[in-house]
Amino acid sequence: TLIMLSVFGLSIPISATELLLASTTFCLVFWVFRAWRPGVPKGLKSPPGPWGWPLLGHMLTLGKNPHLALSRLSQRYGDVLEIRIGCTPVLVLSGLDTIRQALVRQGDDFKGRPDLYSFTFIAGGQSMTFNPDSGPVWAARRRLAQNALKSFSIASDPTSSSSCYLEEHVSKEAEVLIRKFQELMARVGHFDPYRYVVVSVANVICAMCFGQRYDHDDQELLSIVNLSNEFGEVAASGNPADFLPILRYLPNSALSIFKDVNKKFYIFMQKMVKEHYKTFEKGHIRDITDSLIKHCQDKKLDENANIQLSDEKIVSVVLDLFGAGFDTVTTAISWSLMYLVTSPGVQKKIQEELDTVIGRVRQPRLSDRPQLPYLEAFILETFRHSSFVPFTIPHSTTRDTNLSGFYIPKGRCVFVNQWQINHDQKLWDDPSEFRPERFLAPNGTINKALSEQVILFGLGKRKCIGENIARFEVFLFLAIMLQQVEFSIPPGVKVDMTPIYGLTMKHAHCEHFQVHVRS
């Protein structure tokens with residue numbers, strides 16, 4: 001008898017005898033492995049978890065929305081639990097206190113990255129973000145990337161009236177975006193904002209990395225940025241090909257696209273870096289790429305770390321920075337627009353606050369952020385409610401450790417469920433309700449303690465290096481747009497807010513957006 005085994009949409013024909021033989025072999029190997037595995041130290045215990053299928057483990061349990069499935073399991077087994085994906089044990093962490101304990105207080109124990117198959121295709125296996133290395137070379141490269149990003153984002157530009165480079169770039173791109181929306185309204189009467197937001201955000205990071213911007217119809221940039229969804233689909237926590245090696249050899253369209261996306265990204269970055277080398281002048285550092293070339297030519301990363309940065313590493317650092325400053329911001333703005341059209345009362349309150357604090361004469365600036373608490377509360381609630389980065393990039397343990405009385409061996413793959421924190425009923429009243437007001441203290445300012453419970457960018461030694469820049473950028477794009485225009489959808493049109501699982505969760509495209517200049 002032939003059985004069709006369906007795993008993540010792949011149908012694999014297998015006879016009943018083969019299935020029985022494979023299961024028996026697996027059980028025998030697993031039993032031997034368990035027998036030889038070093039025991040749990042005295043006084044500690046192994047993390048609990050549900051029973052899993054031979055060969056598949058808990059793959060079928062994870063389904064299409066692993067963040068929801070693992071949140072349900074955490075209610076039953078607690079904040080520290082263990083599952084298997086294929087034959088690989090995976091530690092799953094939930095709960096704000098547990099995750100802070102692991103990633104912050106025991107940060108050195110949990111700062112590793114697992115050596116996953118999909119990660120080897122990102123930046124030619126040299127990515128600082130996805131690479132398993134967590135030693136001094138990685139730490140020095142991360143510091144270098146952070147400093148370069150800071151120098152061309154929140155540092156002030158002596159030639160501009162803006163407070164910093166980021167403000168200058170976002171102001172320019174937000175104005176172009178508003179004009180684009182108005183053109184589309186005049187021509188078609190409705191539009192999907194996502195494809196235009198993507199280019200505007202890409203232009204901000206391109207300006208910081210390469211000192212140039214692209215037109216909204218530039219095919220080279222569009223071919224790169226429009227592939228970010230495919231990237232997120234494969235790079236997400238729980239990708240089956242990372243845990244079931246046989247799937248790497250079967251037809252897998254998502255994996256093929258993922259390899260192609262990474263190749264295209266790498267070639268694009270390589271070309272930009274090469275062009276910078278041709279026009280590089282040591283006394284005239286124009287952007288992030290120039291500053292990295294200068295470091296490369298100085299033959300060291302910083303005064304403390306005598307670690308050389310090769311030309312290939314420059315490309316991978318630029319790629320990491322592009323990734324840090326692009327997809328998260330695009331997705332955040334895109335979700336914000338969805339919440340604005342589905343909660344018109346919230347949009348009205350934001351605009352009333354903008355009118356009161358800034359008026360219509362001048363453009364909003366980054367320095368206005370503390371005086372606009374309702375807009376800040378709206379952004380925080382968008383981050384919390386959508387939780388569009390459901391898991392951090394997977395971590396791994398760098399040594400044998402214990403967490404909450406559970407023994408965790410070295411090299412254990414770790415999933416950190418950010419979605420669970422942001423919807424935890426112990427932390428939030430009515431977590432499924434979208435209510436920006438929850439972040440406002442009685443005096444109308446932001447409740448700082450509550451705002452720090454929203455986790456989207458990770459925590460500790462591996463947290464996103466672009467977090468502050470992303471928060472500034474989302475704020476400024478929204479403030480500039482909402483000061484001038486109002487977003488809406490025609491009456492009776494249904495908006496699909498269902499998140500589509502990935503490294504960053506997107507929503508279905510909505511073609512029905514309309515924009516009107518505020519009277």
# chains A, B, ... in the order shown; residues from 1 in each chain; ligands from 1
call {"tool": "residues_around", "arguments": {"residues": "Leu144 in chain A", "least_positions_apart": "5", "cutoff": "10 Å", "atoms": "only C-alpha atoms", "output": "ChimeraX atom specification"}}
result
/A:138-139,149-150,291-292,295,301-302,317
call {"tool": "write_last_selection", "arguments": {"atoms": "N, CA and C atoms", "output": "CSV table (one decimal), in the first residue's frame"}}
result
chain,number,residue,atom,x,y,z
A,138,TRP,N,33.2,38.3,15.9
A,138,TRP,CA,31.8,38.7,15.7
A,138,TRP,C,31.5,40.0,16.5
A,139,ALA,N,32.0,40.0,17.8
A,139,ALA,CA,31.7,41.2,18.6
A,139,ALA,C,32.3,42.4,18.1
A,149,LEU,N,26.7,52.7,11.4
A,149,LEU,CA,25.3,53.0,11.3
A,149,LEU,C,25.0,54.3,12.0
A,150,LYS,N,25.5,54.5,13.3
A,150,LYS,CA,25.3,55.7,14.1
A,150,LYS,C,25.8,56.9,13.4
A,291,SER,N,33.1,54.5,5.1
A,291,SER,CA,33.6,54.4,6.4
A,291,SER,C,34.2,52.9,6.7
A,292,LEU,N,33.5,51.9,6.1
A,292,LEU,CA,34.0,50.5,6.2
A,292,LEU,C,35.2,50.3,5.4
A,295,HIS,N,38.1,51.7,7.3
A,295,HIS,CA,38.5,50.7,8.4
A,295,HIS,C,39.3,49.5,7.8
A,301,LEU,N,39.8,46.8,13.1
A,301,LEU,CA,38.4,47.2,13.4
A,301,LEU,C,38.4,48.3,14.4
A,302,ASP,N,39.1,48.2,15.5
A,302,ASP,CA,39.1,49.3,16.4
A,302,ASP,C,40.4,49.2,17.2
A,317,VAL,N,28.8,43.0,5.8
A,317,VAL,CA,28.4,44.0,6.9
A,317,VAL,C,27.4,45.0,6.3
call {"tool": "select_by_dssp", "arguments": {"residues": "range 174-416 of chain A", "states": "strand (DSSP E or B)", "output": "ChimeraX atom specification"}}
result
/A:191,281,284,391,395-396,401-403,406-408,413-416
call {"tool": "select_by_dssp", "arguments": {"residues": "range 91-329 of chain A", "states": "helix (DSSP H, G or I)", "output": "ChimeraX atom specification"}}
result
/A:96-105,118-125,136-151,165-187,194-210,219-225,228-235,240-243,245-248,253-279,288-298,311-324,327-329
call {"tool": "write_last_selection", "arguments": {"atoms": "C-alpha atoms", "output": "short mmCIF file (atom, residue, chain, number, x, y, z; two decimals), in the first residue's frame"}}
result
data_model
loop_
_atom_site.label_atom_id
_atom_site.label_comp_id
_atom_site.auth_asym_id
_atom_site.auth_seq_id
_atom_site.Cartn_x
_atom_site.Cartn_y
_atom_site.Cartn_z
CA LEU A 96 9.06 38.17 29.62
CA ASP A 97 10.93 37.34 32.86
CA THR A 98 12.26 34.02 31.50
CA ILE A 99 13.38 35.59 28.21
CA ARG A 100 15.06 38.52 30.01
CA GLN A 101 16.82 36.03 32.29
CA ALA A 102 18.14 34.04 29.31
CA LEU A 103 19.04 36.81 26.85
CA VAL A 104 20.11 39.59 29.25
CA ARG A 105 21.22 38.21 32.63
CA SER A 118 19.29 28.20 5.28
CA PHE A 119 21.70 30.57 7.09
CA THR A 120 24.63 29.39 4.93
CA PHE A 121 23.08 31.15 1.89
CA ILE A 122 22.79 34.57 3.57
CA ALA A 123 25.66 36.91 2.56
CA GLY A 124 27.63 33.90 1.32
CA GLY A 125 27.58 32.43 4.85
CA PRO A 136 35.60 38.27 19.59
CA VAL A 137 35.61 38.58 15.76
CA TRP A 138 31.80 38.72 15.70
CA ALA A 139 31.72 41.18 18.64
CA ALA A 140 34.25 43.50 16.95
CA ARG A 141 32.37 43.40 13.62
CA ARG A 142 29.11 44.15 15.42
CA ARG A 143 30.68 47.17 17.16
CA LEU A 144 32.06 48.41 13.85
CA ALA A 145 28.65 48.05 12.16
CA GLN A 146 26.90 49.85 15.04
CA ASN A 147 29.36 52.77 14.93
CA ALA A 148 29.12 53.08 11.13
CA LEU A 149 25.31 53.05 11.31
CA LYS A 150 25.29 55.68 14.07
CA SER A 151 27.72 57.94 12.15
CA TYR A 165 21.25 62.35 8.43
CA LEU A 166 18.24 60.12 9.18
CA GLU A 167 15.88 63.09 9.57
CA GLU A 168 17.13 64.59 6.30
CA HIS A 169 16.64 61.34 4.33
CA VAL A 170 13.22 60.47 5.83
CA SER A 171 11.89 64.04 5.31
CA LYS A 172 12.82 63.86 1.64
CA GLU A 173 11.42 60.36 1.09
CA ALA A 174 8.17 61.02 3.00
CA GLU A 175 7.47 64.04 0.76
CA VAL A 176 8.14 61.96 -2.38
CA LEU A 177 5.85 59.21 -1.01
CA ILE A 178 2.98 61.66 -0.36
CA ARG A 179 3.31 63.02 -3.92
CA LYS A 180 3.30 59.45 -5.28
CA PHE A 181 0.09 58.64 -3.38
CA GLN A 182 -1.56 61.83 -4.70
CA GLU A 183 -0.54 60.96 -8.28
CA LEU A 184 -2.05 57.49 -7.89
CA MET A 185 -5.27 58.97 -6.49
CA ALA A 186 -5.55 61.38 -9.44
CA ARG A 187 -4.80 58.60 -11.96
CA TYR A 194 3.09 48.61 0.34
CA ARG A 195 5.05 48.65 -2.94
CA TYR A 196 5.73 52.40 -2.60
CA VAL A 197 6.59 52.29 1.12
CA VAL A 198 9.12 49.53 0.31
CA VAL A 199 11.00 51.82 -2.12
CA SER A 200 10.89 54.85 0.20
CA VAL A 201 12.33 52.89 3.14
CA ALA A 202 14.93 51.22 0.88
CA ASN A 203 15.94 54.70 -0.29
CA VAL A 204 16.61 55.82 3.29
CA ILE A 205 18.98 52.91 3.98
CA CYS A 206 20.53 53.26 0.48
CA ALA A 207 21.24 56.94 1.21
CA MET A 208 22.98 56.00 4.48
CA CYS A 209 24.90 53.02 3.03
CA PHE A 210 25.68 54.27 -0.51
CA GLN A 219 13.81 48.11 -11.91
CA GLU A 220 17.12 47.19 -10.27
CA LEU A 221 15.96 48.26 -6.81
CA LEU A 222 12.43 46.86 -7.28
CA SER A 223 13.81 43.45 -8.27
CA ILE A 224 15.71 43.35 -4.96
CA VAL A 225 13.21 44.83 -2.48
CA SER A 228 12.06 40.42 0.79
CA ASN A 229 8.85 38.42 1.45
CA GLU A 230 10.41 35.27 -0.01
CA PHE A 231 13.48 35.84 2.18
CA GLY A 232 11.35 36.04 5.33
CA GLU A 233 9.40 32.90 4.45
CA VAL A 234 12.51 30.67 4.51
CA ALA A 235 14.55 32.52 7.18
CA PRO A 240 11.51 22.39 7.74
CA ALA A 241 14.58 22.22 5.43
CA ASP A 242 16.76 23.35 8.36
CA PHE A 243 15.70 20.33 10.41
CA PRO A 245 17.82 17.19 5.59
CA ILE A 246 15.86 15.11 3.02
CA LEU A 247 13.77 18.20 2.15
CA ARG A 248 16.91 19.92 0.78
CA SER A 253 10.31 26.31 -4.69
CA ALA A 254 10.56 28.46 -1.52
CA LEU A 255 14.17 27.33 -0.90
CA SER A 256 15.12 27.89 -4.57
CA ILE A 257 13.72 31.43 -4.45
CA PHE A 258 15.51 32.03 -1.13
CA LYS A 259 18.89 31.04 -2.67
CA ASP A 260 18.16 33.29 -5.66
CA VAL A 261 17.15 36.26 -3.44
CA ASN A 262 20.37 36.00 -1.44
CA LYS A 263 22.47 35.73 -4.59
CA LYS A 264 20.79 38.83 -6.07
CA PHE A 265 21.22 40.81 -2.83
CA TYR A 266 24.88 39.82 -2.62
CA ILE A 267 25.63 40.75 -6.27
CA PHE A 268 23.85 44.12 -5.81
CA MET A 269 25.87 44.93 -2.67
CA GLN A 270 29.12 43.72 -4.27
CA LYS A 271 28.54 46.06 -7.22
CA MET A 272 27.88 49.05 -4.91
CA VAL A 273 31.01 48.36 -2.81
CA LYS A 274 33.17 47.99 -5.97
CA GLU A 275 31.89 51.34 -7.29
CA HIS A 276 32.75 52.95 -3.94
CA TYR A 277 36.32 51.62 -4.10
CA LYS A 278 36.79 53.36 -7.48
CA THR A 279 35.81 56.80 -6.13
CA ILE A 288 28.65 53.87 5.63
CA THR A 289 30.39 51.95 2.81
CA ASP A 290 33.19 54.55 2.67
CA SER A 291 33.65 54.36 6.44
CA LEU A 292 33.96 50.54 6.23
CA ILE A 293 36.48 50.79 3.37
CA LYS A 294 38.52 53.20 5.50
CA HIS A 295 38.53 50.70 8.38
CA CYS A 296 39.52 47.95 5.95
CA GLN A 297 42.45 50.00 4.71
CA ASP A 298 43.50 50.81 8.26
CA ASP A 311 36.60 43.10 1.19
CA GLU A 312 34.06 40.23 1.30
CA LYS A 313 33.33 41.06 4.94
CA ILE A 314 32.58 44.69 3.95
CA VAL A 315 29.91 43.43 1.54
CA SER A 316 28.39 41.21 4.25
CA VAL A 317 28.41 44.01 6.88
CA VAL A 318 26.65 46.36 4.42
CA LEU A 319 24.16 43.57 3.67
CA ASP A 320 23.48 43.12 7.40
CA LEU A 321 22.92 46.87 7.85
CA PHE A 322 20.64 46.99 4.81
CA GLY A 323 18.64 44.10 6.27
CA ALA A 324 18.51 45.72 9.74
CA ASP A 327 12.44 45.00 6.17
CA THR A 328 11.45 45.77 9.78
CA VAL A 329 10.74 49.44 9.01
#
call {"tool": "closest_residue", "arguments": {"among": "A:Gly95, A:Val414, A:Arg365, A:Thr129", "to": "Cys164 in chain A", "atoms": "only C-alpha atoms"}}
result
A:Arg365
call {"tool": "residues_around", "arguments": {"residues": "Ile379 in chain A", "least_positions_apart": "5", "cutoff": "12 Å", "atoms": "only C-alpha atoms", "output": "PyMOL selection string"}}
result
chain A and resi 329+332-337+339-340+346-347+350+369+372-374+384-387+434-439+446+451+454+456+470-479
call {"tool": "write_last_selection", "arguments": {"atoms": "C-alpha atoms", "output": "PDB file, in the first residue's frame"}}
result
ATOM      1  CA  VAL A 329      10.737  49.443   9.005  1.00  0.00           C
ATOM      2  CA  ALA A 332       6.074  48.432  10.608  1.00  0.00           C
ATOM      3  CA  ILE A 333       4.866  51.316   8.406  1.00  0.00           C
ATOM      4  CA  SER A 334       2.738  48.969   6.325  1.00  0.00           C
ATOM      5  CA  TRP A 335       0.975  47.532   9.413  1.00  0.00           C
ATOM      6  CA  SER A 336       0.580  51.083  10.811  1.00  0.00           C
ATOM      7  CA  LEU A 337      -1.312  52.143   7.678  1.00  0.00           C
ATOM      8  CA  TYR A 339      -4.435  49.998  11.618  1.00  0.00           C
ATOM      9  CA  LEU A 340      -5.023  53.665  10.639  1.00  0.00           C
ATOM     10  CA  VAL A 346      -7.282  56.628  16.272  1.00  0.00           C
ATOM     11  CA  GLN A 347      -6.037  58.366  13.095  1.00  0.00           C
ATOM     12  CA  ILE A 350      -3.058  61.396  16.118  1.00  0.00           C
ATOM     13  CA  ARG A 369       8.766  62.790  19.472  1.00  0.00           C
ATOM     14  CA  LEU A 372       3.640  63.401  20.703  1.00  0.00           C
ATOM     15  CA  PRO A 373       2.745  60.647  23.206  1.00  0.00           C
ATOM     16  CA  TYR A 374      -0.429  59.489  21.421  1.00  0.00           C
ATOM     17  CA  ARG A 384       2.517  44.801  20.192  1.00  0.00           C
ATOM     18  CA  HIS A 385      -0.737  43.868  18.488  1.00  0.00           C
ATOM     19  CA  SER A 386       0.750  42.769  15.136  1.00  0.00           C
ATOM     20  CA  SER A 387       3.927  41.331  16.755  1.00  0.00           C
ATOM     21  CA  PHE A 434      -6.101  47.212  19.515  1.00  0.00           C
ATOM     22  CA  ARG A 435      -6.008  50.095  22.018  1.00  0.00           C
ATOM     23  CA  PRO A 436      -3.131  52.654  21.913  1.00  0.00           C
ATOM     24  CA  GLU A 437      -4.481  54.320  25.090  1.00  0.00           C
ATOM     25  CA  ARG A 438      -3.179  51.376  27.168  1.00  0.00           C
ATOM     26  CA  PHE A 439       0.326  52.936  26.925  1.00  0.00           C
ATOM     27  CA  ILE A 446       3.937  57.305  27.884  1.00  0.00           C
ATOM     28  CA  SER A 451       6.361  50.367  26.832  1.00  0.00           C
ATOM     29  CA  VAL A 454       6.760  45.282  24.113  1.00  0.00           C
ATOM     30  CA  LEU A 456       9.997  43.141  18.861  1.00  0.00           C
ATOM     31  CA  ALA A 470      13.892  51.843  13.087  1.00  0.00           C
ATOM     32  CA  ARG A 471      11.824  53.443  15.882  1.00  0.00           C
ATOM     33  CA  PHE A 472      12.906  56.978  14.806  1.00  0.00           C
ATOM     34  CA  GLU A 473      12.197  56.237  11.157  1.00  0.00           C
ATOM     35  CA  VAL A 474       8.714  54.786  11.697  1.00  0.00           C
ATOM     36  CA  PHE A 475       7.819  57.772  13.904  1.00  0.00           C
ATOM     37  CA  LEU A 476       9.024  60.373  11.387  1.00  0.00           C
ATOM     38  CA  PHE A 477       7.451  58.768   8.282  1.00  0.00           C
ATOM     39  CA  LEU A 478       4.067  58.532  10.056  1.00  0.00           C
ATOM     40  CA  ALA A 479       4.249  62.033  11.585  1.00  0.00           C
TER      41      ALA A 479
END
call {"tool": "atom_distance", "arguments": {"atom1": "CA of Val40 in chain A", "atom2": "CA of Asp400 in chain A"}}
result
10.5 Å
call {"tool": "closest_atom_pairs", "arguments": {"of": "range 44-104 of chain A", "to": "range 417-433 of chain A", "cutoff": "10 Å", "atoms": "only C-alpha atoms", "output": "CSV"}}
result
residue,atom,partner,partner_atom,distance
A:Pro66,CA,A:Asn417,CA,9.3
A:His67,CA,A:Trp419,CA,6.4
A:Leu68,CA,A:Gln420,CA,7.8
A:Leu70,CA,A:Asn417,CA,7.8
A:Ser71,CA,A:Gln420,CA,5.5
A:Arg72,CA,A:Gln420,CA,9.0
A:Ser74,CA,A:Gln420,CA,8.8
A:Gln75,CA,A:Asp424,CA,9.9
A:Asp79,CA,A:Asn417,CA,9.7
A:Val92,CA,A:Asn417,CA,7.2
A:Leu93,CA,A:Asn417,CA,6.1
A:Ser94,CA,A:Asn417,CA,5.5
A:Gly95,CA,A:Ile421,CA,5.6
A:Leu96,CA,A:Ile421,CA,5.8
A:Asp97,CA,A:Ile421,CA,9.5
A:Ile99,CA,A:Asn417,CA,8.7
call {"tool": "atom_distance", "arguments": {"atom1": "CA of Pro394 in chain A", "atom2": "CA of Gly86 in chain A"}}
result
16.2 Å
call {"tool": "closest_residue", "arguments": {"among": "A:Val517, A:Ala508, A:Thr392, A:Val485", "to": "Phe457 in chain A", "atoms": "only C-alpha atoms"}}
result
A:Thr392
call {"tool": "atom_distance", "arguments": {"atom1": "CA of Asp355 in chain A", "atom2": "CA of Phe378 in chain A"}}
result
16.4 Å
call {"tool": "residues_around", "arguments": {"residues": "range 490-497 of chain A", "least_positions_apart": "6", "cutoff": "10 Å", "atoms": "only C-alpha atoms", "output": "list in words"}}
result
His190, Trp335, Met338, Tyr339, Val341, Thr342, Ser386, Lys506, His507, Ala508, His509, Cys510, Glu511, His512, Phe513 and Gln514 of chain A
call {"tool": "closest_residue", "arguments": {"among": "A:Phe487, A:Phe388, A:Phe130, A:Tyr501", "to": "Lys348 in chain A", "atoms": "only C-alpha atoms"}}
result
A:Phe487
call {"tool": "residues_around", "arguments": {"residues": "Pro50 in chain A", "least_positions_apart": "2", "cutoff": "8 Å", "atoms": "only C-alpha atoms", "output": "VMD selection string"}}
result
chain A and resid 48 52 82 to 83
call {"tool": "write_last_selection", "arguments": {"atoms": "N, CA and C atoms", "output": "PDB file, in the first residue's frame"}}
result
ATOM      1  N   PRO A  48      10.282  20.230  30.092  1.00  0.00           N
ATOM      2  CA  PRO A  48       9.145  19.395  29.702  1.00  0.00           C
ATOM      3  C   PRO A  48       8.743  19.676  28.258  1.00  0.00           C
ATOM      4  N   GLY A  52       6.269  13.628  20.633  1.00  0.00           N
ATOM      5  CA  GLY A  52       6.397  13.946  19.208  1.00  0.00           C
ATOM      6  C   GLY A  52       6.474  12.696  18.344  1.00  0.00           C
ATOM      7  N   GLU A  82      10.567  22.024  25.660  1.00  0.00           N
ATOM      8  CA  GLU A  82      11.399  21.484  24.575  1.00  0.00           C
ATOM      9  C   GLU A  82      10.532  20.730  23.582  1.00  0.00           C
ATOM     10  N   ILE A  83      10.776  20.969  22.299  1.00  0.00           N
ATOM     11  CA  ILE A  83      10.119  20.220  21.227  1.00  0.00           C
ATOM     12  C   ILE A  83      11.209  19.608  20.351  1.00  0.00           C
TER      13      ILE A  83
END
call {"tool": "residues_around", "arguments": {"residues": "Arg462 in chain A", "least_positions_apart": "4", "cutoff": "9 Å", "atoms": "only C-alpha atoms", "output": "PyMOL selection string"}}
result
chain A and resi 103+107+111-112+129+393+395+458
call {"tool": "decode", "arguments": {"residues": "range 466-495 of chain A", "atoms": "N, CA and C atoms", "output": "PDB file, in the first residue's frame"}}
result
ATOM      1  N   GLY A 466      19.672  47.834  14.542  1.00  0.00           N
ATOM      2  CA  GLY A 466      18.960  48.972  13.947  1.00  0.00           C
ATOM      3  C   GLY A 466      17.731  49.402  14.724  1.00  0.00           C
ATOM      4  N   GLU A 467      17.572  48.897  15.976  1.00  0.00           N
ATOM      5  CA  GLU A 467      16.328  49.158  16.728  1.00  0.00           C
ATOM      6  C   GLU A 467      16.008  50.642  16.871  1.00  0.00           C
ATOM      7  N   ASN A 468      16.945  51.436  17.393  1.00  0.00           N
ATOM      8  CA  ASN A 468      16.652  52.855  17.629  1.00  0.00           C
ATOM      9  C   ASN A 468      16.366  53.591  16.335  1.00  0.00           C
ATOM     10  N   ILE A 469      17.138  53.271  15.304  1.00  0.00           N
ATOM     11  CA  ILE A 469      16.950  53.933  14.011  1.00  0.00           C
ATOM     12  C   ILE A 469      15.586  53.570  13.441  1.00  0.00           C
ATOM     13  N   ALA A 470      15.202  52.292  13.579  1.00  0.00           N
ATOM     14  CA  ALA A 470      13.892  51.843  13.087  1.00  0.00           C
ATOM     15  C   ALA A 470      12.762  52.593  13.793  1.00  0.00           C
ATOM     16  N   ARG A 471      12.868  52.732  15.120  1.00  0.00           N
ATOM     17  CA  ARG A 471      11.824  53.443  15.882  1.00  0.00           C
ATOM     18  C   ARG A 471      11.723  54.909  15.443  1.00  0.00           C
ATOM     19  N   PHE A 472      12.890  55.579  15.264  1.00  0.00           N
ATOM     20  CA  PHE A 472      12.906  56.978  14.806  1.00  0.00           C
ATOM     21  C   PHE A 472      12.259  57.096  13.425  1.00  0.00           C
ATOM     22  N   GLU A 473      12.636  56.166  12.549  1.00  0.00           N
ATOM     23  CA  GLU A 473      12.197  56.237  11.157  1.00  0.00           C
ATOM     24  C   GLU A 473      10.687  56.038  11.029  1.00  0.00           C
ATOM     25  N   VAL A 474      10.163  55.043  11.728  1.00  0.00           N
ATOM     26  CA  VAL A 474       8.714  54.786  11.697  1.00  0.00           C
ATOM     27  C   VAL A 474       7.968  56.013  12.212  1.00  0.00           C
ATOM     28  N   PHE A 475       8.442  56.573  13.324  1.00  0.00           N
ATOM     29  CA  PHE A 475       7.819  57.772  13.904  1.00  0.00           C
ATOM     30  C   PHE A 475       7.777  58.915  12.884  1.00  0.00           C
ATOM     31  N   LEU A 476       8.928  59.189  12.255  1.00  0.00           N
ATOM     32  CA  LEU A 476       9.024  60.373  11.387  1.00  0.00           C
ATOM     33  C   LEU A 476       8.222  60.205  10.097  1.00  0.00           C
ATOM     34  N   PHE A 477       8.266  59.018   9.487  1.00  0.00           N
ATOM     35  CA  PHE A 477       7.451  58.768   8.282  1.00  0.00           C
ATOM     36  C   PHE A 477       5.970  58.998   8.599  1.00  0.00           C
ATOM     37  N   LEU A 478       5.489  58.413   9.707  1.00  0.00           N
ATOM     38  CA  LEU A 478       4.067  58.532  10.056  1.00  0.00           C
ATOM     39  C   LEU A 478       3.694  59.975  10.403  1.00  0.00           C
ATOM     40  N   ALA A 479       4.551  60.645  11.182  1.00  0.00           N
ATOM     41  CA  ALA A 479       4.249  62.033  11.585  1.00  0.00           C
ATOM     42  C   ALA A 479       4.137  62.948  10.367  1.00  0.00           C
ATOM     43  N   ILE A 480       5.082  62.832   9.434  1.00  0.00           N
ATOM     44  CA  ILE A 480       5.074  63.707   8.241  1.00  0.00           C
ATOM     45  C   ILE A 480       3.857  63.414   7.366  1.00  0.00           C
ATOM     46  N   MET A 481       3.560  62.124   7.167  1.00  0.00           N
ATOM     47  CA  MET A 481       2.419  61.771   6.307  1.00  0.00           C
ATOM     48  C   MET A 481       1.091  62.192   6.942  1.00  0.00           C
ATOM     49  N   LEU A 482       0.916  61.874   8.248  1.00  0.00           N
ATOM     50  CA  LEU A 482      -0.376  62.155   8.889  1.00  0.00           C
ATOM     51  C   LEU A 482      -0.614  63.646   9.135  1.00  0.00           C
ATOM     52  N   GLN A 483       0.454  64.428   9.151  1.00  0.00           N
ATOM     53  CA  GLN A 483       0.280  65.882   9.254  1.00  0.00           C
ATOM     54  C   GLN A 483      -0.414  66.414   7.989  1.00  0.00           C
ATOM     55  N   GLN A 484      -0.110  65.803   6.844  1.00  0.00           N
ATOM     56  CA  GLN A 484      -0.571  66.343   5.559  1.00  0.00           C
ATOM     57  C   GLN A 484      -1.778  65.632   4.963  1.00  0.00           C
ATOM     58  N   VAL A 485      -1.854  64.299   5.163  1.00  0.00           N
ATOM     59  CA  VAL A 485      -2.920  63.548   4.471  1.00  0.00           C
ATOM     60  C   VAL A 485      -3.666  62.617   5.421  1.00  0.00           C
ATOM     61  N   GLU A 486      -4.828  62.182   4.944  1.00  0.00           N
ATOM     62  CA  GLU A 486      -5.658  61.239   5.697  1.00  0.00           C
ATOM     63  C   GLU A 486      -5.810  59.974   4.856  1.00  0.00           C
ATOM     64  N   PHE A 487      -5.611  58.814   5.492  1.00  0.00           N
ATOM     65  CA  PHE A 487      -5.739  57.532   4.788  1.00  0.00           C
ATOM     66  C   PHE A 487      -7.117  56.936   5.070  1.00  0.00           C
ATOM     67  N   SER A 488      -7.692  56.316   4.040  1.00  0.00           N
ATOM     68  CA  SER A 488      -9.002  55.675   4.246  1.00  0.00           C
ATOM     69  C   SER A 488      -9.179  54.536   3.242  1.00  0.00           C
ATOM     70  N   ILE A 489     -10.238  53.756   3.476  1.00  0.00           N
ATOM     71  CA  ILE A 489     -10.669  52.762   2.487  1.00  0.00           C
ATOM     72  C   ILE A 489     -12.155  53.006   2.242  1.00  0.00           C
ATOM     73  N   PRO A 490     -12.669  52.697   1.044  1.00  0.00           N
ATOM     74  CA  PRO A 490     -14.088  52.970   0.765  1.00  0.00           C
ATOM     75  C   PRO A 490     -15.000  52.201   1.714  1.00  0.00           C
ATOM     76  N   PRO A 491     -16.166  52.757   2.044  1.00  0.00           N
ATOM     77  CA  PRO A 491     -17.104  52.067   2.940  1.00  0.00           C
ATOM     78  C   PRO A 491     -17.458  50.678   2.381  1.00  0.00           C
ATOM     79  N   GLY A 492     -17.567  49.708   3.285  1.00  0.00           N
ATOM     80  CA  GLY A 492     -17.969  48.354   2.867  1.00  0.00           C
ATOM     81  C   GLY A 492     -16.826  47.451   2.433  1.00  0.00           C
ATOM     82  N   VAL A 493     -15.630  48.031   2.259  1.00  0.00           N
ATOM     83  CA  VAL A 493     -14.483  47.201   1.845  1.00  0.00           C
ATOM     84  C   VAL A 493     -13.903  46.501   3.074  1.00  0.00           C
ATOM     85  N   LYS A 494     -13.754  45.184   2.979  1.00  0.00           N
ATOM     86  CA  LYS A 494     -13.196  44.403   4.089  1.00  0.00           C
ATOM     87  C   LYS A 494     -11.671  44.397   3.989  1.00  0.00           C
ATOM     88  N   VAL A 495     -10.997  44.636   5.122  1.00  0.00           N
ATOM     89  CA  VAL A 495      -9.528  44.616   5.150  1.00  0.00           C
ATOM     90  C   VAL A 495      -9.081  43.340   5.871  1.00  0.00           C
TER      91      VAL A 495
END
